[in-house]
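A quick write-up on the structure given underneath.
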Amino acid sequence: MIGAPKTRLRPIGVLGIALGLAGAFVGYKASAQDMVVTNAKLVIGDGSEPIDGGVVIVDDGKVVFAGRPTAGQIFSTDVVIDAGGAWVTPGLFATVTTLGLADVAAVTESNDERAAASPFSAALDASSGINPTSQHILVHRAAGITRAATSMVPTGSIFAGQGAIIDLDGDANAVVQARAFQMVDLSENGSRLAGGSRPAAMALLRSALREAQALVGKPGTPQTTEIVKDDEVLLSRFDAEALGAVVTGKQKLYVEVNRASDIRHVLALKQDYPALDLVLVGVSEGWLVADAIAAAGVPVIANGLIDLPDTFEQLGATQSNAGRLARAGVKVAINTATMENPRRLQQAAGNLVALTRVPGASGMEWGKAFAAISSVPAEISGMGGKAGVLKPGALGDVVLWDGDPLEVGSVPTQVYIAGVKQDLTNHQTRLRDRYRELDESARPEAYDW
Amino acid sequence: MLSHVKQRARTGALVTIASAIALTLCATTISAREKDKKKDKDEDAAPAFVAKRESEGVFPSTYKPYPNAATALTGATIYDGKGGKIDNGVVFMAGGKIVAVGGPGTTIPAGTTVIDGTGKFVTPGIIDIHSHLGNYPSPGVEAHSDGNEATSPTTPEVWAEHSVWPQDPGFTRAMANGGITSLQILPGSANLMGGRSVTLKNVPARSVQGMKFPGAPYGFKMACGENPKRVYGSKGRAPSTRMGNFAVNRETWLAAIDYANDPKAKRDLGKETLVGVLKGEILVHNHCYRADEMALVMDMAKEMGYKVSTFHHAVESYKIGDLLRENGVCSAIWADWYGFKMESYDGILENAAFLQREGACVVIHSDDANDIQRLNQEARKAQKAGLRVGINIPDAVAIQWITHNPAKAMGIGEMTGSLEPGKMADVVLWNGDPLSVYSRPEKVWIDGALMFDALNSKTRPVSDFELGQPGEGDVK
């Protein structure tokens, strides 16, 4: 078997897993290879508990098998990776992020997250601003995040614009799906942007949806008068046109909202616009209206560990929010927007597991917590069955870890995106390597690279 | 009727004590008066109005430890805060102090409450050297924005304690989820010299004085880099550059030195603080990200004759670990914040580990109302980053980064920050390995008083602000 030529992968029910196939490995190349990962502590990502002795088979960039091998399975492949009992998971799916939209957030010229001075809002298309080789993308790839929903931040109007689904493989095409969702801010921040009150924000949203409805199927028709305030454009004709996909349900509408009563108002939008494909984001007081959210069948991208009344719309904030929502039957992913950096996803999920051991708190069992940062956000992002999960047909996003992936301090040892092995170096690892020792006896550190 | 009698009795006792004091005072008063008479002949009359000097006690701490029961924690894994670890150990506390720390054979007197810590862990109370709880409290509304007196680049005259709102719900979260027992509240970083910090015991109180750590020295907040030059440069005034930052600082220090040398100088609150720094009584906590700027600040300190205790947010400390060790300056850092502003662009996960490798002092800090609830987890991230590059940092040392090291850098290391006989019984019992994401504080003692118990919902503080609000008394 060693050195056997590559053949189409097919499970054959005769022998055990042929580890000898490792000999077929001839070196790294940046293209999708067929590969088999064996001897894994395997996480499927669908909420199930880890499987010891698991196997993942990737063929042409897609998963064809993941699970405990049945006796006698044999596979032909380019590469066999013996995980040696290490954790192997699907890539993490981060939502909602700004990955790829800024080099340094506080350096405005490098920052495409905001466009407060633009006359456009809903029409803004984040996909046109993504930099696939942004250091943030490289750093987060090295943290096991393989795909993300990325969006601008609402600054000029309540609409942040249209967000994209991206992969983090650093090639020329980061954007997996452009204009995947529209984002609108109905939090207190949105009220401020709309002119200073909740009714102002709701009036703006409803009038925008009505204009969009009027424009559906009639693009370019100047029916919509601009909505302006002083010299600020809150909604232009182009924004209204962009919302056509929202009112027809072709594009998801992510709504940033926190207060329990505000959540009810958002759910009520469906009465007038039944086609809306709503996703709630933030939702700090969601647990107070968990049953209503569950009954509406609206998924939630929830703040993971927010437990302070940072605003009056978050008086009820608790770390148990996500757990309580999930218990009520709501589909819950963890929101990265409230983290210092999205690579803290694993930490947020790990803390949800910790809550299962705190009397009176609600958390998530390990498998569910992992799913909240993998398959669930992928499903919410329209990539159900394709990302965040290791099941036949899914993209070959596979991560090998040096420890429990929900434990703080664990990092990937290998990352594959759609079957392609990723380079895990970045600005930070290069600095690490340079400053491994402080020795300038021969030359300055600048020569150490 | 009964209560009336009781009250009378109490008043009676007070009167007795008061008259005793009056008697002793009387003697001194008479002699003082005679002295004054004598003085009057020689000098002008004493001023009619005199403010108390700081040395006479201003805004003094009113904190008193709450009642404690002699308690022994047995069978637990103990991290002593100074790098020591005891398996199956015993911590015995009584009278608000640590009495004994040792192995399973440690003597436990009769009448002691014994808590079985099998499978659990004990650490000193966690200490955050950099917090804005109280001066940027929740809710974070404009009316609560009390951390930056951003009206002048140097405001050494302000004291953070005068901004601290003790009802900030963040204090309770820090205790319940993070095991925080002491913390330093600093002014913000808009100014080169932001003012005095205050060190608090994390006990709920009606006033900030009720939280002030008795005997803790004051800190002095300074900031270098982007913030001061941005805030004042945008107002069209100095400093607008990094060189401007240094110029304004040096002029201010020179003026303080003149003040210190002038016995006739009129009292000046800001200069009193600066002189406190020059005398080494007030500890400098300097917000500074970049290695090159830290090197300059250490030279400025030598020029002016003061010492920097700690650089805060020092994301580039790993580039000058040798220099920081030689100067005896601590670095208070995050585990993984990076890249949000230009001067944080070179943040790396190995910062703490590389400092440890050089023998420099490491403190993990939060600067954040959320992260203060998880300093233990941040320490773990930094420790693991070191292990991956071959720097062996024992668990007990990672705990030291959030206990003894910050205590020392804040000047309270002789009182708290480690589990040693005679020290304050600031103790956390964790329901598992404190360096694991899966663990939380089960019980928190401050000066031996049980202030938080995850197993008893009523032993959980709830701030005034949260009463009658959604989620009052929730696990949070």
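Residues in the structure tokens are named by chain (A, B, ... in the order shown) and by number from 1 within that chain; ligands are numbered from 1 in the order shown.
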Practice problem: Residues of chain A near chain B: apply a cut-off of 6 Å, count only C-alpha atoms, and supply the list as a list in words. | Solution: Val104, Ala105, Ala106, Asp307, Pro309, Asp310, Thr311, Gly316, Thr318, Gln319, Gly350, Asn351, Ala354, Ala361, Glu407, Val408, Gly409 and Gln428 of chain A
Close residues, Val216 (chain A) itself excluded, 9 Å, only C-alpha atoms, min 5 positions apart in chain, as a JSON list (two decimals) with N, CA and C atoms, in the first residue's frame:
[["chain", "number", "residue", "atom", "x", "y", "z"],
["A", 211, "GLU", "N", -40.71, 51.41, 1.08],
["A", 211, "GLU", "CA", -40.14, 51.89, -0.19],
["A", 211, "GLU", "C", -39.53, 50.74, -0.97],
["A", 241, "GLU", "N", -33.50, 50.32, -2.91],
["A", 241, "GLU", "CA", -33.38, 49.23, -3.88],
["A", 241, "GLU", "C", -32.68, 48.03, -3.27],
["A", 243, "LEU", "N", -32.71, 47.09, -0.36],
["A", 243, "LEU", "CA", -33.57, 46.40, 0.60],
["A", 243, "LEU", "C", -34.64, 45.55, -0.07],
["A", 244, "GLY", "N", -34.69, 45.61, -1.39],
["A", 244, "GLY", "CA", -35.65, 44.77, -2.10],
["A", 244, "GLY", "C", -35.44, 43.29, -1.79],
["A", 245, "ALA", "N", -34.17, 42.89, -1.70],
["A", 245, "ALA", "CA", -33.87, 41.49, -1.40],
["A", 245, "ALA", "C", -34.29, 41.12, 0.02],
["A", 247, "VAL", "N", -37.05, 42.55, 1.73],
["A", 247, "VAL", "CA", -38.52, 42.43, 1.85],
["A", 247, "VAL", "C", -39.04, 41.18, 1.16],
["A", 248, "THR", "N", -38.30, 40.70, 0.17],
["A", 248, "THR", "CA", -38.74, 39.48, -0.51],
["A", 248, "THR", "C", -38.18, 38.22, 0.14]]
Quiz item: How many Å lie between CA of Ser182 (chain B) and CA of Pro156 (chain B), rounded to one decimal?
Solution: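 Between these atoms lies a distance of 23.4 Å.
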Quiz prompt | Residue neighbourhood Lys212 (chain B), 7 Å, only C-alpha atoms, exclusion window fewer than 3 positions, as a ChimeraX atom specification | solution = /B:61,63,199-201,208-209
Practice problem: Fewer than 6 positions away in the same chain doesn't count, so skip those; otherwise give me all residues within 10 Å of Gly403 (chain A), counting only C-alpha atoms, as a PyMOL selection string. | Solution: chain A and resi 86-88+409-413
Quiz prompt | Spatial neighbours of Arg242 (chain B), 8 Å, only C-alpha atoms, chain gap at least 5 places, as a PyMOL selection string | solution = chain B and resi 224-226+229
Restricting the output to C-alpha atoms, write the selected residues as a compact mmCIF listing (two decimals), in the first residue's frame.
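And here is the file that came out, out.txt:
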# COMPACT_ATOMS: atom_id res chain seq x y z
CA CYS B 224 2.44 57.95 27.03
CA GLY B 225 1.84 57.54 23.34
CA GLU B 226 -1.19 58.11 21.20
CA LYS B 229 -1.20 63.67 21.92
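Minimum atom-to-atom distance to His427 (chain A), evaluated using only C-alpha atoms, belongs to A:Ile137 out of A:Leu92, A:Ala378, A:Ala117, A:Ile137.
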Exercise. Would you please extract all helix (DSSP H, G or I) residues from region 26-248 of chain A, as assigned by DSSP on the backbone, and give them as a PyMOL selection string?
Key: chain A and resi 108-110+126-129+135-141+188-193+198-215+237-242+244-247
Practice problem: Have a look at A:Glu109, A:Asp272, A:Asp125, A:Asp262 and name the one nearest to Glu313 (chain A); count only C-alpha atoms. | Solution: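 For Glu313 (chain A), the nearest of the given residues is A:Asp262.
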Quiz item: If you run DSSP on this backbone, which residues of region 292-360 of chain B come out as strand (DSSP E), and could you give them as a VMD selection string?
Solution: chain B and resid 308 to 312 330 to 333
Practice problem: Rank nothing, just name the residue among A:Gly190, A:Gly286, A:Gly196, A:Gly419 nearest to Val153 (chain A), using only C-alpha atoms. | Solution: A:Gly190
Practice problem: Give me the residues within 6 Å of Ile158 (chain A) as JSON, numbers by chain, counting only C-alpha atoms and dropping any in the same chain fewer than 3 places off. | Solution: {"A": [154, 184, 185, 190, 193]}
